[in-house]
Every structure is written in C-alpha cells, then in structure tokens.
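Next comes input.cif, a file with mmCIF, C-alpha atoms and all ligand atoms.
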```cif
data_work
#
loop_
_atom_site.label_atom_id
_atom_site.label_comp_id
_atom_site.auth_asym_id
_atom_site.auth_seq_id
_atom_site.Cartn_x
_atom_site.Cartn_y
_atom_site.Cartn_z
CA MET B 1 0.00 0.00 0.00
CA GLY B 2 1.18 3.49 0.60
CA GLN B 3 0.17 4.43 -2.95
CA PRO B 4 -1.11 7.93 -2.25
CA GLU B 5 2.06 8.81 -0.43
CA SER B 6 4.32 7.67 -3.24
CA ARG B 7 2.20 9.56 -5.75
CA GLU B 8 2.52 12.62 -3.56
CA ARG B 9 6.25 12.19 -3.46
CA GLU B 10 6.48 11.92 -7.22
CA GLN B 11 4.34 14.98 -7.69
CA TYR B 12 6.57 17.15 -5.57
CA GLU B 13 10.08 17.97 -6.41
CA LEU B 14 11.70 18.68 -3.09
CA PRO B 15 14.75 20.87 -2.63
CA PRO B 16 17.86 18.91 -1.55
CA GLY B 17 17.79 17.68 2.05
CA GLN B 18 14.06 18.38 2.53
CA ARG B 19 11.34 15.88 3.48
CA LEU B 20 7.60 16.16 2.98
CA GLN B 21 5.60 17.31 5.95
CA ARG B 22 2.05 16.26 6.67
CA GLY B 23 -0.24 18.79 8.32
CA TRP B 24 0.90 22.29 9.10
CA PRO B 25 3.28 22.68 12.01
CA VAL B 26 3.79 26.01 13.72
CA THR B 27 7.41 27.20 13.64
CA HIS B 28 8.65 30.49 14.98
CA TYR B 29 10.79 32.15 17.61
CA GLY B 30 9.09 33.79 20.58
CA PRO B 31 5.43 34.24 21.53
CA VAL B 32 2.46 34.72 19.22
CA PRO B 33 1.68 38.45 19.17
CA LYS B 34 -1.75 39.72 20.09
CA PHE B 35 -3.46 41.50 17.20
CA LYS B 36 -4.44 45.07 18.12
CA PRO B 37 -6.72 46.31 15.33
CA ASP B 38 -6.70 49.97 16.38
CA ARG B 39 -2.91 50.14 16.43
CA TRP B 40 -2.10 47.90 13.50
CA GLU B 41 -0.77 49.44 10.35
CA PHE B 42 1.29 48.23 7.43
CA ARG B 43 4.07 50.72 6.76
CA ILE B 44 6.58 51.29 3.99
CA PHE B 45 9.65 53.29 4.93
CA GLY B 46 13.27 53.84 3.96
CA ALA B 47 14.23 54.87 0.43
CA LEU B 48 10.92 55.52 -1.32
CA ALA B 49 10.95 56.95 -4.84
CA ASP B 50 8.27 59.46 -3.97
CA ALA B 51 8.14 60.89 -0.47
CA ALA B 52 4.49 61.77 -1.10
CA ALA B 53 3.47 58.20 -2.00
CA ARG B 54 1.08 56.34 0.18
CA ASP B 55 3.15 54.65 2.86
CA ARG B 56 0.71 53.15 5.35
CA TRP B 57 -2.44 51.09 5.35
CA SER B 58 -4.85 50.05 8.06
CA LEU B 59 -5.87 46.40 7.93
CA GLU B 60 -9.18 47.38 6.35
CA GLU B 61 -7.36 49.35 3.67
CA PHE B 62 -4.77 46.62 3.17
CA THR B 63 -7.31 43.88 2.69
CA ALA B 64 -9.18 46.10 0.19
CA LEU B 65 -6.16 45.93 -2.14
CA PRO B 66 -6.42 43.54 -5.12
CA TYR B 67 -6.56 39.93 -3.93
CA THR B 68 -4.59 37.25 -5.68
CA THR B 69 -3.54 33.66 -5.01
CA VAL B 70 -0.29 31.73 -5.39
CA VAL B 71 0.18 27.99 -4.89
CA ALA B 72 3.51 27.42 -3.19
CA ASP B 73 5.40 25.07 -0.91
CA LEU B 74 6.81 26.21 2.41
CA HIS B 75 10.39 25.06 2.96
CA CYS B 76 11.56 25.25 6.56
CA VAL B 77 15.33 25.25 6.98
CA THR B 78 14.89 22.59 9.71
CA LYS B 79 14.30 20.30 6.71
CA TYR B 80 10.57 19.89 6.29
CA THR B 81 8.56 21.10 3.32
CA MET B 82 4.85 21.72 3.56
CA PRO B 83 3.63 21.18 0.00
CA GLY B 84 1.09 22.93 -2.14
CA ALA B 85 -0.66 25.54 -0.05
CA GLU B 86 -2.79 28.12 -1.82
CA TRP B 87 -1.82 31.48 -0.37
CA GLY B 88 -4.24 34.36 -0.85
CA GLY B 89 -3.51 38.03 -0.32
CA VAL B 90 -1.76 41.03 -1.82
CA ALA B 91 1.07 40.57 -4.32
CA THR B 92 4.32 42.27 -3.32
CA ARG B 93 4.27 43.78 -6.82
CA GLU B 94 1.08 45.61 -5.90
CA ILE B 95 2.84 47.29 -2.98
CA LEU B 96 5.88 48.06 -5.13
CA GLU B 97 3.61 49.82 -7.60
CA LEU B 98 1.71 51.79 -4.99
CA ALA B 99 4.85 52.80 -3.08
CA PRO B 100 7.78 52.42 -5.49
CA PRO B 101 11.31 52.14 -4.13
CA ALA B 102 13.94 54.73 -5.07
CA PRO B 103 16.08 53.70 -8.06
CA ASP B 104 19.07 52.84 -5.85
CA VAL B 105 17.17 50.40 -3.62
CA THR B 106 18.81 46.97 -3.77
CA HIS B 107 17.39 45.15 -0.72
CA VAL B 108 14.30 45.04 1.43
CA MET B 109 13.95 44.42 5.15
CA VAL B 110 10.62 42.92 6.07
CA TRP B 111 9.63 43.84 9.62
CA ALA B 112 7.25 41.93 11.86
CA GLU B 113 5.90 42.21 15.40
CA TYR B 114 8.44 42.14 18.23
CA GLY B 115 11.19 43.38 15.91
CA PHE B 116 11.52 40.14 13.95
CA SER B 117 12.97 40.92 10.55
CA SER B 118 14.28 39.30 7.41
CA ASN B 119 16.29 40.84 4.61
CA MET B 120 16.22 39.89 0.97
CA ARG B 121 17.24 41.20 -2.41
CA LEU B 122 14.70 43.51 -3.98
CA SER B 123 14.52 41.04 -6.89
CA ASP B 124 13.48 38.22 -4.52
CA PHE B 125 10.88 40.41 -2.85
CA ALA B 126 9.60 41.55 -6.26
CA SER B 127 9.16 38.01 -7.60
CA GLU B 128 5.77 37.66 -9.26
CA ARG B 129 5.09 34.78 -6.85
CA SER B 130 5.85 36.70 -3.65
CA ILE B 131 2.70 37.49 -1.73
CA PHE B 132 1.58 39.12 1.51
CA ALA B 133 -0.75 36.33 2.50
CA THR B 134 -3.86 36.92 4.55
CA HIS B 135 -5.35 33.50 3.68
CA LYS B 136 -4.30 29.90 3.23
CA ASP B 137 -6.48 27.51 1.21
CA GLY B 138 -9.31 30.03 1.38
CA ASP B 139 -9.31 30.54 5.15
CA PRO B 140 -7.96 33.57 6.99
CA LEU B 141 -4.64 32.86 8.67
CA THR B 142 -4.83 31.82 12.30
CA ALA B 143 -2.93 33.79 14.94
CA GLU B 144 -0.11 31.26 15.18
CA HIS B 145 0.37 31.20 11.41
CA GLY B 146 0.71 34.96 11.11
CA PHE B 147 -2.69 36.66 11.24
CA PRO B 148 -3.36 39.16 9.83
CA VAL B 149 -0.51 39.23 7.26
CA ARG B 150 2.56 37.13 6.52
CA LEU B 151 4.98 37.17 3.65
CA ILE B 152 5.47 34.16 1.39
CA VAL B 153 8.49 34.12 -0.92
CA PRO B 154 8.10 30.68 -2.53
CA HIS B 155 11.66 30.38 -3.84
CA LEU B 156 13.38 31.08 -0.50
CA TYR B 157 13.46 29.25 2.85
CA ALA B 158 10.44 30.09 4.95
CA TRP B 159 12.27 32.16 7.56
CA LYS B 160 12.47 34.74 4.74
CA GLY B 161 8.69 35.01 5.10
CA PRO B 162 7.90 36.74 8.36
CA LYS B 163 4.56 36.10 10.00
CA TRP B 164 2.78 39.11 11.59
CA VAL B 165 4.32 41.53 9.09
CA ARG B 166 4.05 45.21 9.97
CA GLY B 167 6.29 46.93 7.50
CA ILE B 168 8.80 47.04 4.71
CA GLU B 169 12.02 49.00 4.69
CA TYR B 170 13.54 49.88 1.32
CA MET B 171 17.32 49.71 1.64
CA THR B 172 20.13 51.03 -0.56
CA ALA B 173 22.58 48.51 0.96
CA ASP B 174 22.14 45.04 2.39
CA ARG B 175 21.75 44.47 6.12
CA ARG B 176 21.10 41.20 7.96
CA GLY B 177 17.74 40.42 9.51
CA PHE B 178 17.01 38.38 12.64
CA TRP B 179 18.01 34.88 11.53
CA GLU B 180 20.53 36.13 9.00
CA GLU B 181 22.45 37.66 11.93
CA ARG B 182 22.21 34.40 13.85
CA GLY B 183 23.87 31.98 11.50
CA TYR B 184 21.40 31.50 8.67
CA HIS B 185 22.30 32.17 5.07
CA ASN B 186 21.86 35.71 3.80
CA VAL B 187 20.23 34.63 0.53
CA GLY B 188 18.47 31.40 1.61
CA ASP B 189 17.75 29.61 -1.67
CA PRO B 190 16.54 26.08 -0.77
CA TRP B 191 17.32 24.72 -4.25
CA ARG B 192 20.95 25.60 -3.66
CA GLU B 193 20.65 24.46 -0.04
CA GLN B 194 21.81 27.81 1.28
CA ARG B 195 21.05 27.10 4.92
CA TYR B 196 23.89 28.61 6.95
CA SER B 197 25.93 31.79 6.79
CA TYR B 198 29.22 29.84 6.72
CA GLN B 199 28.21 28.64 3.25
CA GLU B 200 28.03 32.18 1.90
CA GLU B 201 30.25 33.00 -1.04
CA PRO B 202 31.87 36.42 -1.27
CA GLY B 203 29.24 38.94 -2.26
CA GLU B 204 26.31 36.90 -0.96
CA GLY B 205 26.04 38.84 2.28
CA PRO B 206 27.35 41.72 4.38
CA GLU B 207 30.33 41.07 6.68
CA LEU B 208 29.43 39.08 9.78
N1 LIG L 1 7.61 36.77 12.83
C1 LIG L 1 8.15 35.58 12.57
N2 LIG L 1 7.89 35.01 11.37
C2 LIG L 1 8.42 33.80 11.07
C3 LIG L 1 9.25 33.11 11.96
C4 LIG L 1 9.52 33.74 13.21
O1 LIG L 1 10.27 33.22 14.07
N3 LIG L 1 8.94 34.95 13.48
N4 LIG L 1 9.75 31.87 11.62
C5 LIG L 1 9.81 31.54 10.18
C6 LIG L 1 10.06 30.14 9.95
S1 LIG L 1 11.62 29.58 10.37
C7 LIG L 1 9.16 29.30 9.34
S2 LIG L 1 9.55 27.72 8.91
C8 LIG L 1 7.80 29.77 9.03
C9 LIG L 1 6.79 28.80 9.58
O2 LIG L 1 5.47 29.21 9.31
P1 LIG L 1 4.27 28.40 9.94
O3 LIG L 1 4.46 28.40 11.45
O4 LIG L 1 3.04 29.11 9.54
O5 LIG L 1 4.34 27.04 9.40
O6 LIG L 1 7.54 31.07 9.59
C10 LIG L 1 8.58 31.98 9.42
N5 LIG L 1 8.12 33.27 9.85
MO MO L 2 11.78 27.56 9.43
#
```

Show me, as structure tokens, the structure contained in the file I just sent.
Amino acid sequence: MGQPESREREQYELPPGQRLQRGWPVTHYGPVPKFKPDRWEFRIFGALADAAARDRWSLEEFTALPYTTVVADLHCVTKYTMPGAEWGGVATREILELAPPAPDVTHVMVWAEYGFSSNMRLSDFASERSIFATHKDGDPLTAEHGFPVRLIVPHLYAWKGPKWVRGIEYMTADRRGFWEERGYHNVGDPWREQRYSYQEEPGEGPEL
C-alpha cells in the first residue's frame, strides 16, 4: 500500500535535504503576538521613490487591495517542506507599484511584530510569486500562522517570510535580519541548499 504517499512524493520535487511534511506545524521564535486592530498598520519606509506616495495602510485598507492567489510550498530550513498551499492576499508587486522604491534600492527588510525581521534582495521580494498572504487555502490565517498578514516568498526558505508583518524598509545597501544575523544564510535559496551563513560566497552577504 502506501500508494497515495508515493504519488505525492512523485508529484513534488523537493529541494535537496528536505522531506515532505504532513499537516501544518507552527514554527517560529518567541510568543504569538496579540493582534491590536486599532494600532495595527502596514508601513513602507526607507528609500521611497516618492516621499508623497502612500506609505501606510490600516488592515481594512490593506485587505481592500487587489486579492490574488499563489500555490507554493513552504520550505523550513529545519528540513521539512509543507507542500502545495494556496496562499491568498496582496502581491508584493502591488505594494511596489503603490509605493515604489527609489532607483538605488537593492534590498528590502521585512519587519514583523516584536522586531523580527528578514532581509532579501529587492529582486526576490519583487518576484511575481511573492505574496503578503492573509489567507491559506481560502481561510484567513490563524494567529499562530501569522494573522493578519505574513509574507510568502516561494523560492526562499520560509524564515524569509515573516509572520505578523508590519512593514517594509527599502534599503540602498544590504543588512542582515534576525536569523541572518544568527547563522542563517543571507540569501536562503533552498534549491541551492543555502542554509547557513558559513556557506556564503563572497558577495552573498554583508560582513558578519
Ligand atoms: N515573525 C516571525 N515570522 C516567522 C518566523 C519567526 O520566528 N517569526 N519563523 C519563520 C520560519 S523559520 C518558518 S519555517 C515559518 C513557519 O510558518 P508556519 O508556522 O506558519 O508554518 O515562519 C517563518 N516566519
Ligand atoms: Mo523555518
């Protein structure tokens, strides 16, 4: 027996060193933040192209932005992959259009509750599959999975997708985020198995 499982395994091409995960575990550092609707806003700051551009949204305003879906796996660096979730929310491209970065912006820091952060190249952030997810498989995210908004960057390890996102910082030089400062790879491409900072090649990250 075990047919369905082997079919599942054939269907999914897993990045090197990853195994398929059943169900949806909860993985993060620290406590689950309490959502405070009256104080919540989604902010863009740093090097904006136009200082007069819209740079903050309430949750009501954010969820009124065009809704799109992306089917993507979630690759945790601790070696499990949760396959084939349908993420629903606001494309990062939408935000980039509404609040464009200055021409010299090269990287983005994504900020979440409690000061959690993750940096990435602007090109990774701007991928047409990157999405600020408010939903998974049609249901709103639960608190422990990032309600109200989390980032999904399908082609990077999942720590590059903060849960409980509160803002984006446009940067003209790279800077390490929370896990990137603590031994994880600055780029974090699972297909190249870029797990740890000691694997970084020259130019892949700022000095440690
Ligand atoms: N704010 C915040 N977001 C985070 C993390 C975290 O510690 N804090 N952990 C990341 C990691 S390592 C993983 S694998 C995914 C897990 O998402 P899940 O708990 O919804 O499966 O969230 C990511 N987002
Ligand atoms: Mo992870």

Would you mind listing the residues within 7 Å of ligand LIG 1 (chain L), counting only C-alpha atoms and all ligand atoms, as a PyMOL selection string? chain B and resi 24-30+75-77+112-113+116+144-146+158-165

Contacts of Ala99 (chain B) at 9 Å or less, counting all atoms listed in the file, minus same-chain residues fewer than 2 places along, as number ranges by chain? B: 44, 48-50, 53-55, 94-97, 101

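Between CA of Leu59 (chain B) and CA of Ala126 (chain B) the interatomic distance comes to 21.5 Å.
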
Please identify all polymer residues within 9 Å of Thr134 (chain B), counting all atoms listed in the file, omitting same-chain residues fewer than 5 positions from it, and present them as an NGL selection string. :B and (63 or 87-90 or 139-141 or 146-151)

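With all atoms listed in the file as the basis for measurement, B:Lys79 is the residue among B:Lys79, B:Pro100, B:Tyr170, B:Ser123 that approaches ligand MO 2 (chain L) most closely.
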
Distance in Å - CA of Ala51 (chain B) versus CA of Val187 (chain B): 28.9 Å

As AutoDock Vina command-line options, what would the box around region 104-116 of chain B look like: edges along x, y and z, 4 Å added on every side, centre and edge lengths in Å to one decimal?
```
--center_x 12.5 --center_y 46.5 --center_z 6.2 --size_x 21.2 --size_y 20.7 --size_z 32.1
```

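Each of B:Trp191, B:Met82, B:Arg39, B:Ala91 was checked against ligand MO 2 (chain L) using all atoms listed in the file; the smallest atom-to-atom distance is that of B:Met82.
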
Counting all atoms listed in the file, the residue of B:Gly188, B:Arg176, B:Leu98, B:Trp111 that sits nearest Glu41 (chain B): B:Trp111

Quick one: distance from CA of Pro83 (chain B) to CA of Met120 (chain B) in Å, one decimal? 22.6 Å

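The smallest atom-to-atom distance between ligand MO 2 (chain L) and any of B:Leu74, B:Ile152, B:Leu20, B:Leu208, using only C-alpha atoms and all ligand atoms, is found for B:Leu74.
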
Given the choices B:Ser58, B:Asn119, B:Thr142, B:Thr106, which gets closest to Phe178 (chain B) if the distance is worked out from only C-alpha atoms? B:Asn119

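Closest approach to ligand MO 2 (chain L) among B:Thr68, B:Gln18, B:Ser118, B:Thr78: B:Thr78, based on only C-alpha atoms and all ligand atoms.
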
Within 9 Å of Pro206 (chain B) using all atoms listed in the file, minus same-chain residues under 4 positions, as a list in words: Ala173, Asp174, Arg175, Arg176, Asn186 and Pro202 of chain B

Those residues with C-alpha atoms, as an mmCIF file, keeping the file's coordinate frame please?
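Once everything was written out, this is selection.cif:
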```
data_model
loop_
_atom_site.group_PDB
_atom_site.id
_atom_site.type_symbol
_atom_site.label_atom_id
_atom_site.label_comp_id
_atom_site.auth_asym_id
_atom_site.auth_seq_id
_atom_site.Cartn_x
_atom_site.Cartn_y
_atom_site.Cartn_z
ATOM 1 C CA ALA B 173 22.580 48.510 0.960
ATOM 2 C CA ASP B 174 22.140 45.040 2.390
ATOM 3 C CA ARG B 175 21.750 44.470 6.120
ATOM 4 C CA ARG B 176 21.100 41.200 7.960
ATOM 5 C CA ASN B 186 21.860 35.710 3.800
ATOM 6 C CA PRO B 202 31.870 36.420 -1.270
#
```

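Summary of the local environment: counting all atoms listed in the file, residues at most 8 Å from Tyr184 (chain B), other than itself and those fewer than 5 positions away along its chain, are Trp179, Arg195, Tyr196 and Ser197 of chain B.
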
Please save C-alpha atoms of the selected residues as an mmCIF file, keeping the file's coordinate frame.
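Resulting contents of part14.cif:
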```cif
data_model
loop_
_atom_site.group_PDB
_atom_site.id
_atom_site.type_symbol
_atom_site.label_atom_id
_atom_site.label_comp_id
_atom_site.auth_asym_id
_atom_site.auth_seq_id
_atom_site.Cartn_x
_atom_site.Cartn_y
_atom_site.Cartn_z
ATOM 1 C CA TRP B 179 18.010 34.880 11.530
ATOM 2 C CA ARG B 195 21.050 27.100 4.920
ATOM 3 C CA TYR B 196 23.890 28.610 6.950
ATOM 4 C CA SER B 197 25.930 31.790 6.790
#
```

Can you give me all heavy atoms for region 35-46 of chain B, written as a short mmCIF file (atom, residue, chain, number, x, y, z; two decimals), keeping the file's coordinate frame?
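Result file follows (selection_32.cif):
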```
data_model
loop_
_atom_site.label_atom_id
_atom_site.label_comp_id
_atom_site.auth_asym_id
_atom_site.auth_seq_id
_atom_site.Cartn_x
_atom_site.Cartn_y
_atom_site.Cartn_z
N PHE B 35 -3.08 40.53 18.24
CA PHE B 35 -3.46 41.50 17.20
C PHE B 35 -4.25 42.65 17.82
O PHE B 35 -5.25 42.43 18.48
CB PHE B 35 -4.29 40.79 16.13
CG PHE B 35 -4.85 41.72 15.09
CD1 PHE B 35 -4.00 42.50 14.31
CD2 PHE B 35 -6.23 41.84 14.91
CE1 PHE B 35 -4.51 43.37 13.35
CE2 PHE B 35 -6.74 42.70 13.95
CZ PHE B 35 -5.88 43.46 13.17
N LYS B 36 -3.75 43.87 17.58
CA LYS B 36 -4.44 45.07 18.12
C LYS B 36 -4.92 45.91 16.94
O LYS B 36 -4.18 46.71 16.39
CB LYS B 36 -3.47 45.87 18.98
CG LYS B 36 -2.89 45.07 20.14
CD LYS B 36 -2.24 45.99 21.17
CE LYS B 36 -1.71 45.21 22.36
NZ LYS B 36 -0.29 44.79 22.19
N PRO B 37 -6.20 45.71 16.56
CA PRO B 37 -6.72 46.31 15.33
C PRO B 37 -6.57 47.83 15.27
O PRO B 37 -6.29 48.39 14.21
CB PRO B 37 -8.21 45.93 15.32
CG PRO B 37 -8.48 45.24 16.60
CD PRO B 37 -7.21 44.93 17.29
N ASP B 38 -6.75 48.50 16.40
CA ASP B 38 -6.70 49.97 16.38
C ASP B 38 -5.28 50.50 16.21
O ASP B 38 -5.08 51.63 15.79
CB ASP B 38 -7.33 50.54 17.66
CG ASP B 38 -6.87 49.79 18.89
OD1 ASP B 38 -6.70 48.54 18.81
OD2 ASP B 38 -6.62 50.43 19.93
N ARG B 39 -4.29 49.67 16.53
CA ARG B 39 -2.91 50.14 16.43
C ARG B 39 -2.17 49.55 15.25
O ARG B 39 -1.06 49.96 14.92
CB ARG B 39 -2.15 49.80 17.73
CG ARG B 39 -2.75 50.54 18.90
CD ARG B 39 -1.90 50.52 20.15
NE ARG B 39 -0.47 50.33 19.91
CZ ARG B 39 0.34 49.74 20.80
NH1 ARG B 39 -0.15 49.29 21.93
NH2 ARG B 39 1.61 49.62 20.54
N TRP B 40 -2.78 48.58 14.59
CA TRP B 40 -2.10 47.90 13.50
C TRP B 40 -2.02 48.77 12.26
O TRP B 40 -3.02 49.37 11.85
CB TRP B 40 -2.85 46.61 13.16
CG TRP B 40 -2.10 45.68 12.27
CD1 TRP B 40 -1.29 44.64 12.66
CD2 TRP B 40 -2.09 45.66 10.83
NE1 TRP B 40 -0.79 44.00 11.56
CE2 TRP B 40 -1.25 44.60 10.42
CE3 TRP B 40 -2.71 46.44 9.84
CZ2 TRP B 40 -1.02 44.30 9.08
CZ3 TRP B 40 -2.46 46.15 8.51
CH2 TRP B 40 -1.62 45.08 8.14
N GLU B 41 -0.87 48.89 11.69
CA GLU B 41 -0.77 49.44 10.35
C GLU B 41 0.38 48.76 9.63
O GLU B 41 1.30 48.23 10.25
CB GLU B 41 -0.65 50.96 10.32
CG GLU B 41 0.50 51.52 11.10
CD GLU B 41 0.59 53.04 11.04
OE1 GLU B 41 -0.38 53.70 10.60
OE2 GLU B 41 1.63 53.58 11.43
N PHE B 42 0.28 48.80 8.31
CA PHE B 42 1.29 48.23 7.43
C PHE B 42 2.02 49.41 6.83
O PHE B 42 1.42 50.26 6.17
CB PHE B 42 0.58 47.40 6.35
CG PHE B 42 1.50 46.67 5.42
CD1 PHE B 42 1.81 45.35 5.63
CD2 PHE B 42 2.04 47.33 4.31
CE1 PHE B 42 2.66 44.67 4.75
CE2 PHE B 42 2.89 46.65 3.44
CZ PHE B 42 3.20 45.33 3.67
N ARG B 43 3.31 49.51 7.11
CA ARG B 43 4.07 50.72 6.76
C ARG B 43 5.20 50.43 5.80
O ARG B 43 5.89 49.42 5.92
CB ARG B 43 4.72 51.29 8.02
CG ARG B 43 3.87 52.21 8.81
CD ARG B 43 4.76 52.94 9.82
NE ARG B 43 5.75 53.76 9.15
CZ ARG B 43 6.92 54.15 9.70
NH1 ARG B 43 7.24 53.76 10.92
NH2 ARG B 43 7.75 54.92 9.02
N ILE B 44 5.41 51.33 4.85
CA ILE B 44 6.58 51.29 3.99
C ILE B 44 7.47 52.45 4.38
O ILE B 44 6.99 53.59 4.47
CB ILE B 44 6.21 51.47 2.49
CG1 ILE B 44 5.02 50.59 2.11
CG2 ILE B 44 7.40 51.20 1.61
CD1 ILE B 44 5.31 49.15 2.08
N PHE B 45 8.75 52.18 4.60
CA PHE B 45 9.65 53.29 4.93
C PHE B 45 11.03 53.02 4.35
O PHE B 45 11.25 52.00 3.70
CB PHE B 45 9.68 53.52 6.45
CG PHE B 45 10.11 52.34 7.26
CD1 PHE B 45 11.40 52.26 7.78
CD2 PHE B 45 9.24 51.28 7.51
CE1 PHE B 45 11.80 51.17 8.53
CE2 PHE B 45 9.63 50.19 8.26
CZ PHE B 45 10.92 50.14 8.77
N GLY B 46 11.95 53.96 4.58
CA GLY B 46 13.27 53.84 3.96
C GLY B 46 13.27 54.63 2.66
O GLY B 46 12.61 55.66 2.56
#
```
